[in-house]
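Pasted below: protein19.pdb, PDB, C-alpha atoms.
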```
ATOM      1  CA  LEU A   1      95.918  65.805  15.620  1.00  0.00           C
ATOM      2  CA  ASP A   2      92.618  66.668  17.227  1.00  0.00           C
ATOM      3  CA  ARG A   3      92.107  65.759  20.871  1.00  0.00           C
ATOM      4  CA  PRO A   4      89.127  63.688  22.043  1.00  0.00           C
ATOM      5  CA  PHE A   5      87.209  64.979  25.073  1.00  0.00           C
ATOM      6  CA  SER A   6      83.962  63.995  26.719  1.00  0.00           C
ATOM      7  CA  ILE A   7      81.101  66.459  26.963  1.00  0.00           C
ATOM      8  CA  HIS A   8      80.789  67.254  30.646  1.00  0.00           C
ATOM      9  CA  ARG A   9      77.484  69.101  30.449  1.00  0.00           C
ATOM     10  CA  SER A  10      75.379  70.652  27.702  1.00  0.00           C
ATOM     11  CA  PHE A  11      73.282  73.796  27.876  1.00  0.00           C
ATOM     12  CA  ASN A  12      71.056  75.752  25.521  1.00  0.00           C
ATOM     13  CA  HIS A  13      73.956  78.126  24.856  1.00  0.00           C
ATOM     14  CA  GLY A  14      76.724  75.564  24.441  1.00  0.00           C
ATOM     15  CA  LEU A  15      78.817  72.784  25.905  1.00  0.00           C
ATOM     16  CA  GLU A  16      80.995  72.422  28.956  1.00  0.00           C
ATOM     17  CA  ILE A  17      84.185  70.331  28.733  1.00  0.00           C
ATOM     18  CA  LEU A  18      86.160  69.444  31.839  1.00  0.00           C
ATOM     19  CA  ILE A  19      89.899  69.091  31.194  1.00  0.00           C
ATOM     20  CA  ARG A  20      93.039  68.590  33.259  1.00  0.00           C
ATOM     21  CA  LYS A  21      96.093  70.624  32.256  1.00  0.00           C
ATOM     22  CA  VAL A  22      98.803  67.982  31.776  1.00  0.00           C
ATOM     23  CA  GLY A  23     100.483  68.727  28.427  1.00  0.00           C
ATOM     24  CA  TRP A  24     100.914  71.372  25.773  1.00  0.00           C
ATOM     25  CA  ALA A  25      97.512  70.759  24.142  1.00  0.00           C
ATOM     26  CA  THR A  26      95.526  71.058  27.369  1.00  0.00           C
ATOM     27  CA  THR A  27      97.689  74.024  28.380  1.00  0.00           C
ATOM     28  CA  ILE A  28      96.674  75.807  25.181  1.00  0.00           C
ATOM     29  CA  LEU A  29      93.007  74.929  25.720  1.00  0.00           C
ATOM     30  CA  SER A  30      93.065  76.159  29.311  1.00  0.00           C
ATOM     31  CA  SER A  31      94.463  79.522  28.217  1.00  0.00           C
ATOM     32  CA  LEU A  32      91.741  80.273  25.639  1.00  0.00           C
ATOM     33  CA  LYS A  33      89.661  83.414  26.031  1.00  0.00           C
ATOM     34  CA  SER A  34      85.931  83.825  25.480  1.00  0.00           C
ATOM     35  CA  ALA A  35      86.445  85.380  22.048  1.00  0.00           C
ATOM     36  CA  ASP A  36      88.729  82.592  20.787  1.00  0.00           C
ATOM     37  CA  ARG A  37      87.382  80.074  18.274  1.00  0.00           C
ATOM     38  CA  LEU A  38      87.670  76.308  18.138  1.00  0.00           C
ATOM     39  CA  THR A  39      86.709  73.747  15.526  1.00  0.00           C
ATOM     40  CA  LEU A  40      84.741  70.870  17.026  1.00  0.00           C
ATOM     41  CA  THR A  41      83.839  67.554  15.422  1.00  0.00           C
ATOM     42  CA  GLY A  42      81.131  65.523  17.064  1.00  0.00           C
ATOM     43  CA  PRO A  43      79.482  64.114  18.934  1.00  0.00           C
ATOM     44  CA  LEU A  44      81.247  60.893  17.996  1.00  0.00           C
ATOM     45  CA  GLY A  45      80.634  57.286  18.961  1.00  0.00           C
ATOM     46  CA  ARG A  46      78.137  55.948  21.453  1.00  0.00           C
ATOM     47  CA  GLY A  47      77.230  57.109  24.935  1.00  0.00           C
ATOM     48  CA  LEU A  48      75.795  55.214  27.872  1.00  0.00           C
ATOM     49  CA  ASP A  49      72.240  55.928  26.737  1.00  0.00           C
ATOM     50  CA  GLU A  50      72.922  54.100  23.454  1.00  0.00           C
ATOM     51  CA  VAL A  51      74.805  51.160  24.943  1.00  0.00           C
ATOM     52  CA  PHE A  52      72.362  50.527  27.820  1.00  0.00           C
ATOM     53  CA  SER A  53      68.722  50.904  26.818  1.00  0.00           C
ATOM     54  CA  ASP A  54      66.593  52.835  29.322  1.00  0.00           C
ATOM     55  CA  PHE A  55      69.680  53.530  31.415  1.00  0.00           C
ATOM     56  CA  SER A  56      67.960  56.464  33.117  1.00  0.00           C
ATOM     57  CA  LYS A  57      65.379  54.136  34.706  1.00  0.00           C
ATOM     58  CA  ASN A  58      68.058  52.432  36.805  1.00  0.00           C
ATOM     59  CA  LYS A  59      70.057  53.424  39.850  1.00  0.00           C
ATOM     60  CA  TRP A  60      73.790  53.620  39.062  1.00  0.00           C
ATOM     61  CA  TYR A  61      77.163  53.871  40.712  1.00  0.00           C
ATOM     62  CA  LEU A  62      79.266  56.328  38.725  1.00  0.00           C
ATOM     63  CA  LEU A  63      82.979  55.734  39.203  1.00  0.00           C
ATOM     64  CA  ALA A  64      85.286  58.625  38.257  1.00  0.00           C
ATOM     65  CA  GLY A  65      89.033  58.206  38.550  1.00  0.00           C
ATOM     66  CA  GLY A  66      90.857  61.521  38.135  1.00  0.00           C
ATOM     67  CA  ALA A  67      90.040  63.114  34.785  1.00  0.00           C
ATOM     68  CA  GLY A  68      87.412  60.395  34.414  1.00  0.00           C
ATOM     69  CA  LEU A  69      85.111  62.933  36.047  1.00  0.00           C
ATOM     70  CA  GLY A  70      84.853  64.453  32.563  1.00  0.00           C
ATOM     71  CA  PRO A  71      81.733  62.677  31.227  1.00  0.00           C
ATOM     72  CA  MET A  72      79.938  62.420  34.556  1.00  0.00           C
ATOM     73  CA  GLY A  73      78.182  65.794  34.552  1.00  0.00           C
ATOM     74  CA  SER A  74      75.709  64.980  31.776  1.00  0.00           C
ATOM     75  CA  ILE A  75      75.082  61.477  33.137  1.00  0.00           C
ATOM     76  CA  VAL A  76      74.368  62.792  36.626  1.00  0.00           C
ATOM     77  CA  ALA A  77      71.996  65.351  35.094  1.00  0.00           C
ATOM     78  CA  ALA A  78      70.102  62.566  33.313  1.00  0.00           C
ATOM     79  CA  LEU A  79      69.942  60.260  36.338  1.00  0.00           C
ATOM     80  CA  GLY A  80      69.287  62.782  39.092  1.00  0.00           C
ATOM     81  CA  ALA A  81      68.840  61.106  42.476  1.00  0.00           C
ATOM     82  CA  LYS A  82      69.413  57.677  40.917  1.00  0.00           C
ATOM     83  CA  ALA A  83      73.155  58.409  40.631  1.00  0.00           C
ATOM     84  CA  GLN A  84      75.755  57.800  43.338  1.00  0.00           C
ATOM     85  CA  LEU A  85      79.037  59.412  42.265  1.00  0.00           C
ATOM     86  CA  ILE A  86      82.324  58.040  43.599  1.00  0.00           C
ATOM     87  CA  TYR A  87      85.217  60.362  42.698  1.00  0.00           C
ATOM     88  CA  ALA A  88      88.804  59.322  43.441  1.00  0.00           C
ATOM     89  CA  GLU A  89      92.162  61.097  43.192  1.00  0.00           C
ATOM     90  CA  LYS A  90      95.665  60.266  44.409  1.00  0.00           C
ATOM     91  CA  ASN A  91      95.968  63.376  46.577  1.00  0.00           C
ATOM     92  CA  ALA A  92      94.429  66.730  47.454  1.00  0.00           C
ATOM     93  CA  CYS A  93      96.257  68.797  44.822  1.00  0.00           C
ATOM     94  CA  ARG A  94      94.538  66.816  42.067  1.00  0.00           C
ATOM     95  CA  GLN A  95      90.992  67.246  43.348  1.00  0.00           C
ATOM     96  CA  VAL A  96      88.464  69.550  41.719  1.00  0.00           C
ATOM     97  CA  ASN A  97      86.956  72.284  43.842  1.00  0.00           C
ATOM     98  CA  GLN A  98      84.734  70.739  46.499  1.00  0.00           C
ATOM     99  CA  ASP A  99      81.809  73.075  45.788  1.00  0.00           C
ATOM    100  CA  PHE A 100      82.036  72.217  42.091  1.00  0.00           C
ATOM    101  CA  LEU A 101      81.894  68.490  42.819  1.00  0.00           C
ATOM    102  CA  PHE A 102      78.848  68.746  45.041  1.00  0.00           C
ATOM    103  CA  SER A 103      77.146  71.072  42.557  1.00  0.00           C
ATOM    104  CA  LEU A 104      77.000  68.047  40.236  1.00  0.00           C
ATOM    105  CA  THR A 105      75.193  65.970  42.831  1.00  0.00           C
ATOM    106  CA  SER A 106      74.881  66.003  46.599  1.00  0.00           C
ATOM    107  CA  LYS A 107      75.303  62.228  46.443  1.00  0.00           C
ATOM    108  CA  SER A 108      79.050  62.468  45.848  1.00  0.00           C
ATOM    109  CA  SER A 109      81.660  60.372  47.653  1.00  0.00           C
ATOM    110  CA  PRO A 110      85.137  61.929  47.216  1.00  0.00           C
ATOM    111  CA  ILE A 111      88.192  59.787  48.005  1.00  0.00           C
ATOM    112  CA  THR A 112      91.946  60.370  48.035  1.00  0.00           C
ATOM    113  CA  GLU A 113      94.444  57.529  48.221  1.00  0.00           C
ATOM    114  CA  ASP A 114      96.669  59.291  50.758  1.00  0.00           C
ATOM    115  CA  GLY A 115      93.852  60.971  52.712  1.00  0.00           C
ATOM    116  CA  SER A 116      95.221  64.468  52.113  1.00  0.00           C
ATOM    117  CA  GLY A 117      92.124  65.898  50.465  1.00  0.00           C
ATOM    118  CA  TYR A 118      88.490  66.431  51.329  1.00  0.00           C
ATOM    119  CA  GLY A 119      86.408  63.287  51.644  1.00  0.00           C
ATOM    120  CA  LYS A 120      87.662  59.916  52.800  1.00  0.00           C
ATOM    121  CA  LYS A 121      90.972  58.089  52.540  1.00  0.00           C
ATOM    122  CA  GLY A 122      91.171  54.784  50.737  1.00  0.00           C
ATOM    123  CA  SER A 123      90.893  52.787  47.552  1.00  0.00           C
ATOM    124  CA  ILE A 124      88.152  53.400  45.026  1.00  0.00           C
ATOM    125  CA  LEU A 125      87.749  49.614  44.716  1.00  0.00           C
ATOM    126  CA  ASP A 126      87.175  49.184  48.445  1.00  0.00           C
ATOM    127  CA  TYR A 127      84.524  51.888  48.503  1.00  0.00           C
ATOM    128  CA  LEU A 128      82.805  50.531  45.416  1.00  0.00           C
ATOM    129  CA  GLU A 129      82.761  47.061  46.944  1.00  0.00           C
ATOM    130  CA  SER A 130      81.139  48.397  50.121  1.00  0.00           C
ATOM    131  CA  PHE A 131      78.453  50.153  48.066  1.00  0.00           C
ATOM    132  CA  ILE A 132      77.789  47.039  45.949  1.00  0.00           C
ATOM    133  CA  GLU A 133      77.478  44.860  49.043  1.00  0.00           C
ATOM    134  CA  ARG A 134      74.888  47.240  50.527  1.00  0.00           C
ATOM    135  CA  GLU A 135      72.901  47.703  47.318  1.00  0.00           C
ATOM    136  CA  PRO A 136      73.818  46.029  44.003  1.00  0.00           C
ATOM    137  CA  ARG A 137      73.619  48.403  41.030  1.00  0.00           C
ATOM    138  CA  PRO A 138      75.145  48.599  37.548  1.00  0.00           C
ATOM    139  CA  VAL A 139      78.381  50.604  37.390  1.00  0.00           C
ATOM    140  CA  PHE A 140      79.606  53.143  34.865  1.00  0.00           C
ATOM    141  CA  ALA A 141      83.334  53.853  35.176  1.00  0.00           C
ATOM    142  CA  CYS A 142      85.731  56.286  33.540  1.00  0.00           C
ATOM    143  CA  GLY A 143      89.383  56.703  34.422  1.00  0.00           C
ATOM    144  CA  PRO A 144      92.847  55.252  33.816  1.00  0.00           C
ATOM    145  CA  GLN A 145      93.096  51.877  32.106  1.00  0.00           C
ATOM    146  CA  SER A 146      94.608  50.296  35.231  1.00  0.00           C
ATOM    147  CA  MET A 147      91.584  51.398  37.272  1.00  0.00           C
ATOM    148  CA  LEU A 148      89.087  50.150  34.697  1.00  0.00           C
ATOM    149  CA  LYS A 149      90.813  46.779  34.498  1.00  0.00           C
ATOM    150  CA  ALA A 150      90.757  46.469  38.295  1.00  0.00           C
ATOM    151  CA  VAL A 151      87.056  47.356  38.390  1.00  0.00           C
ATOM    152  CA  TRP A 152      86.429  44.745  35.685  1.00  0.00           C
ATOM    153  CA  THR A 153      88.147  42.111  37.843  1.00  0.00           C
ATOM    154  CA  LEU A 154      85.992  43.182  40.798  1.00  0.00           C
ATOM    155  CA  SER A 155      82.838  42.929  38.675  1.00  0.00           C
ATOM    156  CA  GLN A 156      83.673  39.313  37.894  1.00  0.00           C
ATOM    157  CA  ARG A 157      83.923  38.508  41.585  1.00  0.00           C
ATOM    158  CA  LEU A 158      80.867  40.472  42.738  1.00  0.00           C
ATOM    159  CA  ASN A 159      78.784  39.893  39.600  1.00  0.00           C
ATOM    160  CA  PHE A 160      77.649  43.422  38.752  1.00  0.00           C
ATOM    161  CA  ASN A 161      77.114  44.917  35.297  1.00  0.00           C
ATOM    162  CA  LEU A 162      79.959  47.206  34.278  1.00  0.00           C
ATOM    163  CA  PHE A 163      80.086  49.763  31.492  1.00  0.00           C
ATOM    164  CA  VAL A 164      83.192  51.818  30.814  1.00  0.00           C
ATOM    165  CA  SER A 165      84.210  54.891  28.868  1.00  0.00           C
ATOM    166  CA  LEU A 166      87.547  54.328  27.125  1.00  0.00           C
ATOM    167  CA  GLU A 167      90.182  56.764  25.925  1.00  0.00           C
ATOM    168  CA  ALA A 168      92.360  56.417  22.826  1.00  0.00           C
ATOM    169  CA  PHE A 169      94.223  58.618  20.364  1.00  0.00           C
ATOM    170  CA  MET A 170      92.025  59.502  17.393  1.00  0.00           C
ATOM    171  CA  ALA A 171      93.489  60.739  14.128  1.00  0.00           C
ATOM    172  CA  CYS A 172      90.185  61.056  12.260  1.00  0.00           C
ATOM    173  CA  GLY A 173      87.397  60.267  14.730  1.00  0.00           C
ATOM    174  CA  LEU A 174      85.334  58.851  11.865  1.00  0.00           C
ATOM    175  CA  GLY A 175      86.289  55.169  12.049  1.00  0.00           C
ATOM    176  CA  VAL A 176      88.523  55.227   8.969  1.00  0.00           C
ATOM    177  CA  CYS A 177      92.133  55.439  10.200  1.00  0.00           C
ATOM    178  CA  LEU A 178      91.777  52.765  12.943  1.00  0.00           C
ATOM    179  CA  SER A 179      94.279  54.588  15.171  1.00  0.00           C
ATOM    180  CA  CYS A 180      91.854  54.276  18.089  1.00  0.00           C
ATOM    181  CA  SER A 181      91.083  50.567  17.640  1.00  0.00           C
ATOM    182  CA  LEU A 182      91.422  48.269  20.654  1.00  0.00           C
ATOM    183  CA  PRO A 183      91.175  44.479  21.000  1.00  0.00           C
ATOM    184  CA  GLY A 184      87.794  43.139  22.022  1.00  0.00           C
ATOM    185  CA  SER A 185      85.149  40.526  21.405  1.00  0.00           C
ATOM    186  CA  PHE A 186      82.689  42.439  19.275  1.00  0.00           C
ATOM    187  CA  PRO A 187      80.781  39.919  17.119  1.00  0.00           C
ATOM    188  CA  TYR A 188      80.063  42.525  14.440  1.00  0.00           C
ATOM    189  CA  ARG A 189      83.803  43.271  14.021  1.00  0.00           C
ATOM    190  CA  PRO A 190      85.371  39.950  12.958  1.00  0.00           C
ATOM    191  CA  THR A 191      88.847  41.482  13.086  1.00  0.00           C
ATOM    192  CA  GLY A 192      88.754  41.116  16.876  1.00  0.00           C
ATOM    193  CA  ARG A 193      89.113  44.869  17.384  1.00  0.00           C
ATOM    194  CA  PHE A 194      86.691  47.744  17.851  1.00  0.00           C
ATOM    195  CA  ARG A 195      86.974  51.448  17.180  1.00  0.00           C
ATOM    196  CA  VAL A 196      86.703  53.686  20.231  1.00  0.00           C
ATOM    197  CA  CYS A 197      85.394  56.552  18.090  1.00  0.00           C
ATOM    198  CA  GLN A 198      82.559  54.454  16.636  1.00  0.00           C
ATOM    199  CA  GLU A 199      81.705  51.363  18.728  1.00  0.00           C
ATOM    200  CA  GLY A 200      82.892  53.238  21.826  1.00  0.00           C
ATOM    201  CA  PRO A 201      83.867  55.213  23.758  1.00  0.00           C
ATOM    202  CA  VAL A 202      81.248  53.662  26.063  1.00  0.00           C
ATOM    203  CA  VAL A 203      81.161  49.869  25.881  1.00  0.00           C
ATOM    204  CA  CYS A 204      80.123  46.952  28.015  1.00  0.00           C
ATOM    205  CA  ALA A 205      83.283  45.952  29.877  1.00  0.00           C
ATOM    206  CA  SER A 206      82.769  42.273  29.034  1.00  0.00           C
ATOM    207  CA  LEU A 207      83.497  43.067  25.368  1.00  0.00           C
ATOM    208  CA  VAL A 208      86.996  44.450  26.018  1.00  0.00           C
ATOM    209  CA  ASP A 209      90.245  42.498  26.021  1.00  0.00           C
ATOM    210  CA  TRP A 210      91.710  44.000  29.199  1.00  0.00           C
ATOM    211  CA  ASN A 211      95.247  42.940  28.342  1.00  0.00           C
ATOM    212  CA  PHE A 212      95.585  45.801  25.864  1.00  0.00           C
ATOM    213  CA  ARG A 213      98.231  48.483  26.493  1.00  0.00           C
TER     214      ARG A 213
END
```
What is this structure when it is put down as structure tokens?
Amino acid sequence: LDRPFSIHRSFNHGLEILIRKVGWATTILSSLKSADRLTLTGPLGRGLDEVFSDFSKNKWYLLAGGAGLGPMGSIVAALGAKAQLIYAEKNACRQVNQDFLFSLTSKSSPITEDGSGYGKKGSILDYLESFIEREPRPVFACGPQSMLKAVWTLSQRLNFNLFVSLEAFMACGLGVCLSCSLPGSFPYRPTGRFRVCQEGPVVCASLVDWNFR
């Protein structure tokens, strides 16, 4: 099956996709040469600019957990100085190059759970909470499901708007096969589920049933 990836950045001459080599598919992708060809389908679904009207007029906290850094490049480019990027990894060996991170935005806050990498040691939730307490802003988050669920719980306690980018396997990417459907409370989908490839991947976190696996 095809693999879904976020567009990291777009240019006049093409697209940039940020991937982490974790399996055979990403290993193949990471070994491609400049003359190799790929078949791309997209863009699919809805981005933050479609889910949140006039999103670029607001200041945002952008929360990237691990490979969740993928979609942040284009969002940072659209927001400019209105974006505060918080990027978290478990340890130093998982971090992207420091110069690359700060080339996205100088307003980057890198964190590692064990303190072995560049930036600060700690929990992404603790740092987000400290930012929210200083200056409330809406949050856009992308990362593992466990992280997104924890951020959702925090948003209920601190009362900030949360939008998330979700990941799911996609057999067709066109909304037909339903392999990417997840449980939620979308009023226009009476089945109680929504399709990540169509209604997502970016959704308001309040519309997701966070007990999904």
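Using only C-alpha atoms for every distance, the candidate list A:Gly122, A:Gly47, A:Gly65, A:Gly70 yields A:Gly47 as the residue closest to Cys197 in chain A.
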Inset, instruction - May I ask which of the residues A:Val96, A:Leu62, A:Leu18, A:Ala67 is the closest one to Gly80 in chain A, counting all atoms listed in the file? - result: A:Leu62
Selection result for the PyMOL selection byres ((chain A and resi 149-161) around 12) on this file, as a compact mmCIF listing (two decimals) with C-alpha atoms, keeping the file's coordinate frame:
```txt
# COMPACT_ATOMS: atom_id res chain seq x y z
CA PHE A 52 72.36 50.53 27.82
CA ASN A 58 68.06 52.43 36.80
CA LYS A 59 70.06 53.42 39.85
CA TRP A 60 73.79 53.62 39.06
CA TYR A 61 77.16 53.87 40.71
CA LEU A 62 79.27 56.33 38.72
CA LEU A 63 82.98 55.73 39.20
CA ALA A 64 85.29 58.62 38.26
CA GLY A 65 89.03 58.21 38.55
CA SER A 123 90.89 52.79 47.55
CA ILE A 124 88.15 53.40 45.03
CA LEU A 125 87.75 49.61 44.72
CA ASP A 126 87.18 49.18 48.44
CA TYR A 127 84.52 51.89 48.50
CA LEU A 128 82.80 50.53 45.42
CA GLU A 129 82.76 47.06 46.94
CA SER A 130 81.14 48.40 50.12
CA PHE A 131 78.45 50.15 48.07
CA ILE A 132 77.79 47.04 45.95
CA GLU A 133 77.48 44.86 49.04
CA ARG A 134 74.89 47.24 50.53
CA GLU A 135 72.90 47.70 47.32
CA PRO A 136 73.82 46.03 44.00
CA ARG A 137 73.62 48.40 41.03
CA PRO A 138 75.14 48.60 37.55
CA VAL A 139 78.38 50.60 37.39
CA PHE A 140 79.61 53.14 34.86
CA ALA A 141 83.33 53.85 35.18
CA CYS A 142 85.73 56.29 33.54
CA GLY A 143 89.38 56.70 34.42
CA PRO A 144 92.85 55.25 33.82
CA GLN A 145 93.10 51.88 32.11
CA SER A 146 94.61 50.30 35.23
CA MET A 147 91.58 51.40 37.27
CA LEU A 148 89.09 50.15 34.70
CA LEU A 162 79.96 47.21 34.28
CA PHE A 163 80.09 49.76 31.49
CA VAL A 164 83.19 51.82 30.81
CA SER A 165 84.21 54.89 28.87
CA LEU A 166 87.55 54.33 27.12
CA VAL A 203 81.16 49.87 25.88
CA CYS A 204 80.12 46.95 28.02
CA ALA A 205 83.28 45.95 29.88
CA SER A 206 82.77 42.27 29.03
CA LEU A 207 83.50 43.07 25.37
CA VAL A 208 87.00 44.45 26.02
CA ASP A 209 90.24 42.50 26.02
CA TRP A 210 91.71 44.00 29.20
CA ASN A 211 95.25 42.94 28.34
CA PHE A 212 95.58 45.80 25.86
CA ARG A 213 98.23 48.48 26.49
```
Legend entry - Expected selection from the PyMOL selection byres ((chain A and resi 105-107) around 8), given as a PyMOL selection string: chain A and resi 76+80-81+83-85+101-104+108-109
Legend entry - Using all atoms listed in the file: which of A:Pro110, A:Tyr118, A:Arg193, A:Ile75 has the shortest distance to Ala92 in chain A: A:Tyr118
Legend entry - Separation of CA of Leu44 in chain A from CA of Lys21 in chain A, in Å and rounded to one decimal: 22.8 Å
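If you look at CA of Met170 in chain A and CA of Leu48 in chain A, they are 19.8 Å away from each other.
Atom pair CA of Phe55 in chain A / CA of Ala77 in chain A: separated by 12.6 Å.
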Inset, instruction - Would you write out, as a VMD selection string, every residue that the PyMOL selection byres ((chain A and resi 4-9) around 7) captures in this file? - result: chain A and resid 2 to 3 10 to 11 15 to 18 70 to 74 170
Using only C-alpha atoms, please write the residues we just selected to a file, as an mmCIF file, in the frame of the given file.
```
data_model
loop_
_atom_site.group_PDB
_atom_site.id
_atom_site.type_symbol
_atom_site.label_atom_id
_atom_site.label_comp_id
_atom_site.auth_asym_id
_atom_site.auth_seq_id
_atom_site.Cartn_x
_atom_site.Cartn_y
_atom_site.Cartn_z
ATOM 1 C CA ASP A 2 92.618 66.668 17.227
ATOM 2 C CA ARG A 3 92.107 65.759 20.871
ATOM 3 C CA SER A 10 75.379 70.652 27.702
ATOM 4 C CA PHE A 11 73.282 73.796 27.876
ATOM 5 C CA LEU A 15 78.817 72.784 25.905
ATOM 6 C CA GLU A 16 80.995 72.422 28.956
ATOM 7 C CA ILE A 17 84.185 70.331 28.733
ATOM 8 C CA LEU A 18 86.160 69.444 31.839
ATOM 9 C CA GLY A 70 84.853 64.453 32.563
ATOM 10 C CA PRO A 71 81.733 62.677 31.227
ATOM 11 C CA MET A 72 79.938 62.420 34.556
ATOM 12 C CA GLY A 73 78.182 65.794 34.552
ATOM 13 C CA SER A 74 75.709 64.980 31.776
ATOM 14 C CA MET A 170 92.025 59.502 17.393
#
```
Legend entry - Protein and nucleic acid residues near (77.6, 51.3, 15.7) (cut-off 9 Å, all atoms listed in the file) as a PyMOL selection string: chain A and resi 45-46+198-200
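Comparing the minimum interatomic distances between Arg94 in chain A and each of A:Leu69, A:Ala78, A:Val202, A:Ile28, counting all atoms listed in the file, we find that A:Leu69 sits nearest.
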Inset, instruction - Might you pull out every residue within 8 Å of Glu113 in chain A, with all atoms listed in the file counted and same-chain residues fewer than 5 positions away left off, and present them as a PyMOL selection string? - result: chain A and resi 88-91+121-123
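Of the residues listed (A:Gly68, A:Leu32, A:Thr41, A:Thr112), A:Thr41 shows the shortest atom-to-atom separation from Ala171 in chain A; distances use all atoms listed in the file.
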Around all of range 173-186 of chain A's listed atoms, make the axis-aligned box with 3 Å on each side and tell me centre and edge lengths in Å to one decimal, as lines of an AutoDock Vina configuration file.
```
center_x = 88.5
center_y = 50.4
center_z = 15.5
size_x = 17.6
size_y = 25.7
size_z = 19.1
```
Could range 138-153 of chain A be completed with N, CA and C atoms and returned as a short mmCIF file (atom, residue, chain, number, x, y, z; two decimals), in the frame of the given file?
```cif
data_model
loop_
_atom_site.label_atom_id
_atom_site.label_comp_id
_atom_site.auth_asym_id
_atom_site.auth_seq_id
_atom_site.Cartn_x
_atom_site.Cartn_y
_atom_site.Cartn_z
N PRO A 138 74.17 48.53 38.63
CA PRO A 138 75.14 48.60 37.55
C PRO A 138 76.12 49.75 37.78
N VAL A 139 77.31 49.63 37.19
CA VAL A 139 78.38 50.60 37.39
C VAL A 139 78.81 51.17 36.05
N PHE A 140 78.98 52.48 36.01
CA PHE A 140 79.61 53.14 34.86
C PHE A 140 80.90 53.76 35.36
N ALA A 141 82.02 53.41 34.71
CA ALA A 141 83.33 53.85 35.18
C ALA A 141 84.11 54.55 34.07
N CYS A 142 84.84 55.59 34.46
CA CYS A 142 85.73 56.29 33.54
C CYS A 142 86.97 56.69 34.31
N GLY A 143 88.13 56.39 33.75
CA GLY A 143 89.38 56.70 34.42
C GLY A 143 90.54 56.00 33.74
N PRO A 144 91.68 55.91 34.41
CA PRO A 144 92.85 55.25 33.82
C PRO A 144 92.57 53.78 33.50
N GLN A 145 93.29 53.27 32.51
CA GLN A 145 93.10 51.88 32.11
C GLN A 145 93.31 50.92 33.27
N SER A 146 94.32 51.18 34.10
CA SER A 146 94.61 50.30 35.23
C SER A 146 93.42 50.23 36.19
N MET A 147 92.76 51.37 36.41
CA MET A 147 91.58 51.40 37.27
C MET A 147 90.44 50.62 36.66
N LEU A 148 90.19 50.83 35.36
CA LEU A 148 89.09 50.15 34.70
C LEU A 148 89.30 48.64 34.70
N LYS A 149 90.52 48.22 34.48
CA LYS A 149 90.81 46.78 34.50
C LYS A 149 90.57 46.19 35.88
N ALA A 150 90.96 46.94 36.92
CA ALA A 150 90.76 46.47 38.30
C ALA A 150 89.27 46.40 38.63
N VAL A 151 88.49 47.37 38.15
CA VAL A 151 87.06 47.36 38.39
C VAL A 151 86.41 46.19 37.64
N TRP A 152 86.92 45.90 36.44
CA TRP A 152 86.43 44.74 35.68
C TRP A 152 86.66 43.45 36.47
N THR A 153 87.85 43.30 37.04
CA THR A 153 88.15 42.11 37.84
C THR A 153 87.19 42.01 39.03
#
```
